[in-house]
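Okay, structure first, notes after.
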Amino acid sequence: MNNKLSQQESEALIKVLKERFEKNTLRHNNINWPDVESRLKANPNKLWSLNEMEQTGGEPDVVGTDKNTGEYLFFDCAPESPAGRRSLCYDQEALEKRKENKPKDSALNQAKAMNVELLTEEQYRQLQQLGTFDLKTSSWVQTPAAIRKLGGAVFCDRRYNTVFLYHNGADSYYAARGFRASLRV
C-alpha cells in the first residue's frame with residue numbers, strides 16, 4: 001500500500017486544512033498555522049493519514065497539543081460521525097463473530113488501515129467542548145479491555161445538550177454509528 005500523497009495531493013490537502021484551521025480558531029488557541037504546516041510537510045505519512053480522515057468525511061482539524069511531546073492533535077471535527085466510516089462493528093473479533101448480515105468492516109480495522117486511533121472517551125468529551133457533534137449519529141470510542149473481554153464495546157453521542165457514553169455488543173453496527181479518529185503529528 002502506498003501511504004504517500006503526490007505533491008499535488010499534499011498541497012490540496014494542506015490548503016483545505018489551513019482553511020479549516022483559520023475558520024475554527026477557537027479549536028486551537030495559541031497554535032500558529034505555519035508551525036502546523038511545517039510539521040505536516042516534514043511528516044508525509046501523517047499527511048496521508050489526514051487525507052484518509054478527510055476522504056472518509058472526518059473534516060480533521062487541530063484541537064490542541066500534547067504537553068509532553070509537543071505533537072499537534074488532530075481530531076475528526078465533522079458535525080456528525082464521518083459518513084465514510086459508518087455501519088461498522090467494533091473490531092475484527094466482533095466481525096468474525098457475526099454469522100449473518102456482516103458489516104463491511106470494523107472500526108478498529110479501518111482505523112488501523114488509516115494509521116489513526118479511535119478517540120478515547122476523554123478525547124470525545126474534549127471534542128464536545130469545542131462544539132456540538134453527533135446530534136444525530138454516534139461514534140465508537142476506545143473500549144476498556146474488561147468490557148471488551150465480556151463482548152461489549154462503548155460509543156458516545158450528544159443528546160439533550162449532554163454527552164452520553166453507552167454500551168452495545170461489539171458485533172453490533174448501525175447506519176448512524178461510525179467512529180471519530182485522532183492523529184498526532
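In the C-alpha cells, chains take letters A, B, ... by order of appearance, with residues numbered from 1 within each chain and ligands from 1 in the order shown.
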**Asked** Could you write out, as JSON, numbers by chain, all the residues of region 15-176 of chain A that DSSP marks as strand (DSSP E)?
**Response** {"A": [60, 61, 62, 63, 64, 65, 72, 73, 74, 75, 76, 117, 118, 138, 139, 140, 152, 153, 154, 155, 156, 157, 158, 159, 162, 163, 164, 165, 166, 167, 168, 169]}
**Residues within 9 Å of Thr137 (chain A), only C-alpha atoms, excluding chain neighbours under 6 positions, as a ChimeraX atom specification** = /A:80-81,157-158,175-178
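Using only C-alpha atoms, the shortest contact distance between Gln129 (chain A) and any of A:Arg27, A:Lys4, A:Lys41, A:Lys15 is found at A:Arg27.
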**Request:** Any chance you could list, as a PyMOL selection string, the residues in chain A that come up helix (DSSP H, G or I) when DSSP is run on the backbone?
**Result:** chain A and resi 7-23+25-27+33-42+44-55+83-85+92-97+107-114+121-128+145-149
Test item: residues at most 6 Å from region 105-122 of chain A, only C-alpha atoms, excluding those fewer than 3 positions along its chain, as a PDB file with C-alpha atoms, in the first residue's frame:
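Once written, part-v8.pdb looks like this:
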```
ATOM      1  CA  SER A  49      -3.500   9.638   7.298  1.00  0.00           C
ATOM      2  CA  LEU A  88     -19.049  -0.876  11.249  1.00  0.00           C
ATOM      3  CA  CYS A  89     -18.862  -3.267  14.176  1.00  0.00           C
ATOM      4  CA  TYR A  90     -16.191  -2.570  16.781  1.00  0.00           C
ATOM      5  CA  ASP A  91     -13.239  -4.881  15.961  1.00  0.00           C
ATOM      6  CA  ARG A 125     -15.640  14.761  25.731  1.00  0.00           C
ATOM      7  CA  VAL A 141     -14.716   5.092  21.206  1.00  0.00           C
ATOM      8  CA  GLN A 142     -11.827   3.063  22.605  1.00  0.00           C
ATOM      9  CA  ARG A 180     -14.052   9.520  15.098  1.00  0.00           C
ATOM     10  CA  ALA A 181     -10.296   9.377  14.789  1.00  0.00           C
ATOM     11  CA  SER A 182      -7.326  11.101  16.360  1.00  0.00           C
ATOM     12  CA  LEU A 183      -3.870  11.619  14.935  1.00  0.00           C
TER      13      LEU A 183
END
```
**Glu54 (chain A) surroundings by only C-alpha atoms, 10 Å radius, close-in-sequence under 2 positions cut, as a ChimeraX atom specification** = /A:13,16-17,48-52,56-61,76,78,82,84
**Request:** Figure out the distance between CA of Val185 (chain A) and CA of Leu47 (chain A), please, to one decimal in Å.
**Result:**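 Computing it gives 8.7 Å between the two atoms.
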**Fill in**
Residue with the minimum atom-to-atom distance to Tyr173 (chain A), picked from A:Asn2, A:Ser38, A:Asn101, A:Thr25 with only C-alpha atoms counted, is A:Asn101
**Request:** Mind giving me the straight-line distance from CA of Gly70 (chain A) to CA of Leu26 (chain A) in Å, one decimal?
**Result:** 19.0 Å
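The space between CA of Phe133 (chain A) and CA of Pro79 (chain A) spans 4.9 Å.
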